[in-house]
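File shown: run.tsv. Contents: TSV, C-alpha atoms.
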```tsv
chain	number	residue	atom	x	y	z
T	214	MET	CA	-215.48	-58.55	-119.00
T	215	SER	CA	-211.76	-59.38	-119.03
T	216	ASN	CA	-210.22	-62.82	-118.65
T	217	ILE	CA	-209.95	-63.97	-115.05
T	218	VAL	CA	-208.22	-66.88	-113.29
T	219	TYR	CA	-209.54	-68.45	-110.09
T	220	GLU	CA	-207.25	-70.63	-108.00
T	221	GLN	CA	-208.50	-73.27	-105.60
T	222	PRO	CA	-206.15	-75.10	-103.20
T	223	LEU	CA	-207.06	-78.73	-102.62
T	224	ASN	CA	-205.35	-79.32	-99.28
T	225	GLU	CA	-204.60	-77.33	-96.13
T	226	ARG	CA	-200.92	-76.85	-96.96
T	227	MET	CA	-201.79	-75.16	-100.26
T	228	ARG	CA	-204.36	-72.98	-98.52
T	229	THR	CA	-201.68	-71.77	-96.14
T	230	LEU	CA	-199.22	-71.05	-98.97
T	231	LEU	CA	-201.79	-69.03	-100.91
T	232	ARG	CA	-202.73	-67.05	-97.80
T	233	LEU	CA	-199.06	-66.31	-97.15
T	234	GLU	CA	-198.61	-65.17	-100.76
T	235	HIS	CA	-201.67	-62.93	-100.46
T	236	LEU	CA	-200.49	-61.32	-97.22
T	237	PHE	CA	-196.91	-60.81	-98.42
T	238	GLY	CA	-198.25	-59.20	-101.61
T	239	GLN	CA	-200.40	-56.77	-99.62
T	240	LEU	CA	-197.50	-56.00	-97.33
T	241	ARG	CA	-195.11	-55.24	-100.22
T	242	TYR	CA	-197.70	-52.89	-101.74
T	243	HIS	CA	-198.08	-50.82	-98.58
T	244	LEU	CA	-194.35	-50.86	-97.82
T	245	ALA	CA	-193.80	-49.16	-101.17
T	246	GLY	CA	-196.17	-46.32	-100.21
T	247	GLU	CA	-195.03	-43.14	-98.50
T	248	THR	CA	-198.18	-41.92	-96.75
T	249	LEU	CA	-199.17	-42.36	-93.11
T	250	TRP	CA	-202.07	-44.56	-94.26
T	251	ASP	CA	-199.63	-46.83	-96.12
T	252	ASN	CA	-197.54	-47.10	-92.95
T	253	ARG	CA	-200.63	-47.93	-90.89
T	254	LYS	CA	-201.64	-50.63	-93.36
T	255	ALA	CA	-198.08	-51.98	-93.42
T	256	ILE	CA	-198.19	-52.47	-89.64
T	257	SER	CA	-201.60	-54.15	-89.97
T	258	GLY	CA	-200.11	-56.37	-92.69
T	259	ILE	CA	-197.24	-57.37	-90.42
T	260	ILE	CA	-199.77	-58.32	-87.74
T	261	ASP	CA	-201.82	-60.35	-90.25
T	262	VAL	CA	-198.69	-62.35	-91.15
T	263	LEU	CA	-197.87	-62.86	-87.47
T	264	ASN	CA	-201.41	-64.11	-86.86
T	265	LEU	CA	-200.93	-66.71	-89.58
T	266	PHE	CA	-197.56	-67.58	-88.04
T	267	GLU	CA	-199.42	-68.45	-84.81
T	268	ARG	CA	-200.08	-71.87	-86.30
T	269	ALA	CA	-197.79	-74.10	-84.28
T	270	ASP	CA	-197.10	-76.42	-87.21
T	271	LEU	CA	-196.42	-73.80	-89.90
T	272	LYS	CA	-192.65	-74.18	-89.82
T	273	THR	CA	-192.98	-77.96	-89.94
T	274	GLU	CA	-195.46	-77.81	-92.84
T	275	LEU	CA	-193.13	-75.62	-94.90
T	276	ILE	CA	-190.22	-77.96	-94.26
T	277	LYS	CA	-192.35	-80.98	-95.22
T	278	GLU	CA	-193.41	-79.34	-98.48
T	279	ILE	CA	-189.82	-78.42	-99.34
T	280	GLU	CA	-188.71	-81.99	-98.67
T	281	ARG	CA	-191.64	-83.42	-100.65
T	282	LEU	CA	-190.83	-81.32	-103.71
T	283	THR	CA	-187.13	-82.07	-103.32
T	284	GLY	CA	-187.92	-85.78	-103.50
T	285	VAL	CA	-190.19	-85.37	-106.53
T	286	LEU	CA	-187.71	-83.19	-108.44
T	287	SER	CA	-184.76	-85.42	-107.58
T	288	LYS	CA	-186.44	-88.26	-109.50
T	289	LEU	CA	-186.52	-86.09	-112.62
T	290	ARG	CA	-182.76	-86.54	-112.99
T	291	GLU	CA	-183.54	-89.96	-114.39
T	292	GLN	CA	-185.80	-88.51	-117.10
T	293	PRO	CA	-184.60	-87.52	-120.58
T	294	HIS	CA	-184.95	-83.95	-121.91
T	295	VAL	CA	-184.63	-82.42	-118.43
T	296	ASP	CA	-182.77	-79.12	-118.03
T	297	ASP	CA	-180.10	-80.45	-115.66
T	298	GLN	CA	-178.66	-77.05	-114.81
T	299	ARG	CA	-182.01	-75.56	-113.85
T	300	LEU	CA	-182.91	-78.69	-111.89
T	301	VAL	CA	-179.65	-78.56	-109.92
T	302	GLU	CA	-180.17	-74.86	-109.18
T	303	THR	CA	-183.74	-75.44	-108.00
T	304	LEU	CA	-182.72	-78.33	-105.76
T	305	SER	CA	-179.95	-76.16	-104.32
T	306	ASP	CA	-182.41	-73.35	-103.62
T	307	LEU	CA	-184.76	-75.78	-101.87
T	308	LYS	CA	-181.92	-77.14	-99.75
T	309	LEU	CA	-180.83	-73.65	-98.66
T	310	LEU	CA	-184.39	-72.65	-97.79
T	311	ASN	CA	-184.86	-75.85	-95.81
T	312	GLN	CA	-181.71	-75.19	-93.81
T	313	ALA	CA	-182.65	-71.54	-93.23
T	314	ILE	CA	-186.15	-72.38	-91.96
T	315	GLN	CA	-184.85	-75.14	-89.69
T	316	ALA	CA	-182.34	-72.66	-88.25
T	317	ILE	CA	-185.08	-70.23	-87.15
T	318	PRO	CA	-185.29	-70.51	-83.34
T	319	GLY	CA	-188.66	-70.85	-81.66
T	320	ARG	CA	-191.86	-69.81	-83.42
T	321	LEU	CA	-191.82	-67.90	-86.66
T	322	GLY	CA	-191.96	-64.15	-85.96
T	323	ASP	CA	-191.04	-64.32	-82.27
T	324	GLY	CA	-188.71	-61.34	-82.63
T	325	LEU	CA	-191.51	-59.13	-83.95
T	326	ARG	CA	-193.90	-60.19	-81.21
T	327	GLN	CA	-191.54	-58.51	-78.76
T	328	GLN	CA	-191.90	-55.14	-80.51
T	329	GLU	CA	-194.05	-53.05	-78.17
T	330	LEU	CA	-195.58	-50.93	-80.94
T	331	ILE	CA	-196.70	-53.96	-82.93
T	332	ALA	CA	-198.05	-55.66	-79.80
T	333	SER	CA	-200.01	-52.52	-78.86
T	334	VAL	CA	-201.56	-52.15	-82.32
T	335	LYS	CA	-202.42	-55.86	-82.40
T	336	GLN	CA	-204.42	-55.54	-79.18
T	337	ARG	CA	-206.55	-52.75	-80.65
T	338	LEU	CA	-207.20	-54.10	-84.17
T	339	ALA	CA	-210.33	-56.02	-83.14
T	340	ILE	CA	-211.96	-52.70	-82.15
T	341	PRO	CA	-213.38	-50.62	-85.04
T	342	GLY	CA	-211.24	-47.49	-85.15
T	343	GLY	CA	-209.18	-48.87	-82.27
T	344	SER	CA	-205.94	-47.38	-83.63
T	345	CYS	CA	-207.14	-43.77	-83.28
T	346	SER	CA	-204.61	-41.33	-81.84
T	347	PHE	CA	-206.40	-41.19	-78.43
T	348	ASP	CA	-206.42	-45.01	-78.24
T	349	LEU	CA	-202.80	-45.47	-79.31
T	350	PRO	CA	-200.71	-42.37	-78.60
T	351	VAL	CA	-197.57	-44.48	-79.12
T	352	LEU	CA	-198.65	-45.15	-82.72
T	353	HIS	CA	-199.54	-41.46	-83.19
T	354	TYR	CA	-196.04	-40.54	-81.99
T	355	TRP	CA	-194.39	-43.12	-84.28
T	356	LEU	CA	-196.34	-41.83	-87.29
T	357	SER	CA	-195.23	-38.27	-86.54
T	358	GLN	CA	-191.59	-39.19	-87.23
T	359	ALA	CA	-189.94	-38.51	-90.57
T	360	GLU	CA	-191.00	-40.75	-93.45
T	361	HIS	CA	-187.51	-42.18	-93.92
T	362	VAL	CA	-187.35	-43.13	-90.23
T	363	ARG	CA	-190.67	-44.98	-90.41
T	364	LYS	CA	-189.72	-46.69	-93.67
T	365	ARG	CA	-186.36	-47.84	-92.28
T	366	GLN	CA	-188.01	-49.41	-89.25
T	367	LEU	CA	-190.72	-51.11	-91.30
T	368	LEU	CA	-188.14	-52.62	-93.64
T	369	GLN	CA	-186.12	-53.78	-90.66
T	370	TRP	CA	-189.16	-55.47	-89.16
T	371	VAL	CA	-190.13	-57.36	-92.30
T	372	THR	CA	-186.65	-58.87	-92.67
T	373	GLU	CA	-187.99	-61.53	-90.28
T	374	PHE	CA	-190.36	-62.61	-93.06
T	375	LYS	CA	-187.72	-62.82	-95.79
T	376	ILE	CA	-187.03	-66.57	-95.67
T	377	ILE	CA	-190.72	-67.51	-95.41
T	378	ASP	CA	-191.59	-65.14	-98.26
T	379	GLU	CA	-188.87	-66.67	-100.45
T	380	ALA	CA	-189.98	-70.20	-99.59
T	381	THR	CA	-193.62	-69.39	-100.35
T	382	THR	CA	-192.69	-67.86	-103.71
T	383	LEU	CA	-190.52	-70.78	-104.82
T	384	LEU	CA	-192.91	-73.50	-103.66
T	385	LEU	CA	-195.90	-71.96	-105.42
T	386	GLU	CA	-193.82	-71.30	-108.55
T	387	LEU	CA	-192.86	-74.97	-108.72
T	388	ILE	CA	-196.39	-76.18	-108.05
T	389	ARG	CA	-197.97	-73.85	-110.63
T	390	SER	CA	-195.37	-74.79	-113.23
T	391	SER	CA	-196.54	-78.43	-113.02
T	392	ALA	CA	-200.00	-77.56	-114.34
T	393	TYR	CA	-201.50	-79.27	-117.36
T	394	GLN	CA	-204.46	-77.54	-118.99
T	395	GLU	CA	-207.58	-78.82	-120.72
T	396	GLU	CA	-210.60	-77.11	-122.25
T	397	ILE	CA	-213.87	-78.01	-120.53
T	398	LEU	CA	-217.56	-77.46	-121.18
T	399	ALA	CA	-219.58	-77.40	-117.96
T	400	GLU	CA	-223.09	-78.44	-118.98
T	401	LYS	CA	-225.63	-76.13	-117.34
T	402	GLY	CA	-222.81	-74.70	-115.27
T	403	PHE	CA	-221.75	-77.91	-113.51
T	404	PHE	CA	-218.62	-80.09	-113.84
T	405	GLN	CA	-217.02	-82.93	-111.89
T	406	LYS	CA	-213.58	-84.49	-112.19
T	407	ALA	CA	-211.73	-87.30	-110.42
T	408	PHE	CA	-207.93	-87.39	-110.17
T	409	GLU	CA	-205.70	-90.43	-110.12
T	410	THR	CA	-205.05	-91.58	-106.55
T	411	ASN	CA	-201.32	-91.97	-107.15
T	412	ALA	CA	-201.01	-88.39	-108.41
T	413	PRO	CA	-203.04	-86.14	-106.09
T	414	CYS	CA	-203.76	-82.64	-107.34
T	415	GLN	CA	-202.44	-79.81	-105.17
T	416	LEU	CA	-204.07	-76.81	-106.82
T	417	ILE	CA	-206.42	-76.05	-109.69
T	418	GLN	CA	-206.76	-72.96	-111.85
T	419	ILE	CA	-210.07	-72.11	-113.52
T	420	LYS	CA	-209.63	-69.72	-116.45
T	421	LEU	CA	-212.67	-67.89	-117.80
T	422	ASN	CA	-212.60	-65.95	-121.04
T	423	GLY	CA	-214.88	-63.02	-120.27
T	424	THR	CA	-217.85	-65.19	-119.27
T	425	PRO	CA	-219.97	-63.37	-116.62
T	426	VAL	CA	-219.88	-66.23	-114.08
T	427	PHE	CA	-217.68	-67.32	-111.20
T	428	PRO	CA	-216.89	-70.82	-109.84
T	429	GLU	CA	-217.77	-72.43	-106.55
T	430	VAL	CA	-215.45	-75.39	-105.94
T	431	SER	CA	-215.89	-78.27	-103.51
T	432	GLY	CA	-213.91	-81.45	-103.03
T	433	GLY	CA	-210.29	-82.32	-102.35
T	434	LYS	CA	-207.11	-83.67	-103.87
T	435	HIS	CA	-208.81	-86.71	-105.48
T	436	ARG	CA	-212.11	-85.29	-106.74
T	437	ILE	CA	-213.60	-81.85	-107.40
T	438	SER	CA	-217.00	-80.44	-108.24
T	439	ILE	CA	-217.31	-77.03	-109.90
T	440	ARG	CA	-220.58	-75.14	-109.99
T	441	PHE	CA	-220.70	-71.84	-111.86
T	442	LEU	CA	-222.75	-68.97	-110.50
T	443	THR	CA	-223.80	-65.55	-111.66
T	444	THR	CA	-225.31	-62.63	-109.72
T	445	ASP	CA	-228.48	-60.57	-109.83
T	446	GLU	CA	-228.72	-56.78	-109.53
T	447	LYS	CA	-228.13	-57.03	-105.75
T	448	ASN	CA	-225.03	-59.24	-106.23
T	449	ARG	CA	-226.81	-62.29	-104.86
T	450	PRO	CA	-225.35	-65.56	-106.26
T	451	LEU	CA	-227.56	-67.48	-108.66
T	452	PRO	CA	-226.83	-70.83	-110.40
T	453	ALA	CA	-225.76	-70.44	-114.03
T	454	GLN	CA	-228.32	-72.00	-116.38
T	455	GLU	CA	-226.24	-72.06	-119.55
T	456	ASP	CA	-223.27	-74.22	-120.54
T	457	VAL	CA	-219.97	-72.64	-119.46
T	458	SER	CA	-216.74	-73.02	-121.44
T	459	PHE	CA	-213.55	-72.71	-119.38
T	460	ALA	CA	-209.95	-73.90	-119.13
T	461	LEU	CA	-208.99	-76.10	-116.19
T	462	ALA	CA	-205.34	-76.32	-115.14
T	463	CYS	CA	-204.44	-79.03	-112.60
T	464	CYS	CA	-201.18	-78.69	-110.68
T	465	ILE	CA	-199.99	-82.23	-109.96
T	466	ILE	CA	-196.48	-82.59	-108.62
```
Could I get this structure in the form of C-alpha cells?
Amino acid sequence: MSNIVYEQPLNERMRTLLRLEHLFGQLRYHLAGETLWDNRKAISGIIDVLNLFERADLKTELIKEIERLTGVLSKLREQPHVDDQRLVETLSDLKLLNQAIQAIPGRLGDGLRQQELIASVKQRLAIPGGSCSFDLPVLHYWLSQAEHVRKRQLLQWVTEFKIIDEATTLLLELIRSSAYQEEILAEKGFFQKAFETNAPCQLIQIKLNGTPVFPEVSGGKHRISIRFLTTDEKNRPLPAQEDVSFALACCII
C-alpha cells in the first residue's frame, strides 16, 4: 500500500475551501477532456460549484480569510530571516484578490445562473438519468455541436469562477505552508492532542506510510481525537487493534 495523506479541516471556513478546491479540480479535469461525457460532467461540475456558491456568506467568508491572513503575514515583516520580496508579493496578491472579490456584484455565480442550459440541467440532476436526450432535448442539441464550439462555451462559462479559484488556491497554499510536522505513535489506534488556545489549528494532515488503516477525526481547532480504523472483507470499518505510527502536520497560521 502506497503512502497516503488525509486532510481534516478544523473549522467551517476550511471545510468550504477544501470543497471548493475539490470541485475546481474535478471541473478542470473534465474541461480538459474532449468527449461528450467530459462535457456533460463539466456542466455538472459547474452546477456543483454554483450550489456551493448558494451559501449567502461565502463571499464574506473568503474576504474575512484573506484579511485574516493579510494581518498575520504583515506581522512577519518584523521578524528576522523573512524573505521580504516573497512576503511583499504575497501580500500584494492577497490585496488584489480581496479587491476583485469585493467588486463582484450580487451573489457569486449570478451570471451563470441566468444561462438557460445550465438552469435546465440543474433542475434535472436530482432525477437518476434525468439528463437523457428525451428529458433535455436542449442539452442533446448543445452536445451535437462541434467539439470546439462546446469547449469555447464551457471555458467562457468558467471564467466566472476564476477569481474564486485563484483565491482558494492561494489561501490553501499559505495555510498548508504553515504546517509543522511531528511523528506520532497512536497506541492501539487512538490519539488525542490539544492545541494552544492562542494559536488555533486550521487544518491537519495525517500521513500514513503504507499502513493498512485510515483515520476518523473528531474535534475542532483546539483539540482533536484520531481513531484509526481498518476494514473487513466487506469493507466494513473496524477499530485498529495495533499501535499505528503516523506523521501529523498541524497548519497553524
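Between CA of Arg449 in chain T and CA of Gln405 in chain T there is a distance of 23.9 Å.
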Any idea what's packed within 8 Å of range 220-237 of chain T, counting only C-alpha atoms, ignoring anything in its chain fewer than 6 positions away? Could you give it as a ChimeraX atom specification? /T:258,261-262,265,274,378,381-382,385,414-419,430,432-434
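CA of Lys288 in chain T is positioned 15.5 Å from CA of Asn411 in chain T.
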Tell me which protein, DNA and RNA residues are within 8 Å of range 243-255 of chain T, counting all atoms listed in the file, leaving out same-chain ones fewer than 4 positions away, and put them as a count of residues only. 8
Which is closest to Ile466 in chain T among T:Val285, T:Ala313, T:Ile331, T:Leu304, if we use only C-alpha atoms?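 Closest candidate: T:Val285.
Considering the residues T:Phe403, T:Tyr219, T:Phe266, T:Trp355 and counting only C-alpha atoms, Ala462 in chain T has its shortest atom-to-atom contact with T:Tyr219.
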Near Lys401 in chain T, within 10 Å and counting all atoms listed in the file, which residues show up once chain neighbours fewer than 6 positions away are dropped, as a ChimeraX atom specification? /T:440-441,452-457
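Between CA of Ile340 in chain T and CA of Ser357 in chain T there is a distance of 22.5 Å.
Residue nearest Ala332 in chain T within the list T:Cys345, T:Ile256, T:Ala407, T:Ala392: T:Ile256 [criterion: smallest interatomic distance, all atoms listed in the file].
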Identify which of the residues T:Ile377, T:Ser287, T:Gly319, T:His353 lies closest to Ser333 in chain T, counting all atoms listed in the file when measuring atom-to-atom distances.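 For Ser333 in chain T, the nearest of the given residues is T:His353.
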Polymer residues at most 10 Å from Glu396 in chain T, only C-alpha atoms, same-chain spacing of 5 or more positions, as a VMD selection string: chain T and resid 420 458 to 462
Would you mind exporting C-alpha atoms of the selected residues as a PDB file, in the frame of the given file?
```pdb
ATOM      1  CA  LYS T 420    -209.630 -69.720-116.450  1.00  0.00           C
ATOM      2  CA  SER T 458    -216.740 -73.020-121.440  1.00  0.00           C
ATOM      3  CA  PHE T 459    -213.550 -72.710-119.380  1.00  0.00           C
ATOM      4  CA  ALA T 460    -209.950 -73.900-119.130  1.00  0.00           C
ATOM      5  CA  LEU T 461    -208.990 -76.100-116.190  1.00  0.00           C
ATOM      6  CA  ALA T 462    -205.340 -76.320-115.140  1.00  0.00           C
TER       7      ALA T 462
END
```
Around all the atoms of range 382-394 of chain T listed in the file, with 5 Å of room on each side, what axis-aligned box do you get, giving centre and edge lengths in Å to one decimal, as lines of an AutoDock Vina configuration file?
```
center_x = -197.5
center_y = -73.6
center_z = -111.3
size_x = 23.9
size_y = 21.4
size_z = 25.3
```
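Closest approach to Glu373 in chain T among T:Gly402, T:Leu263, T:Cys463, T:Pro450 is made by T:Leu263 (distances from all atoms listed in the file).
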Shortest interatomic distance to Leu307 in chain T - which of T:Gly324, T:Ala380, T:Gln292, T:Phe427, counting only C-alpha atoms: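 Using only C-alpha atoms, the shortest distance to Leu307 in chain T belongs to T:Ala380.
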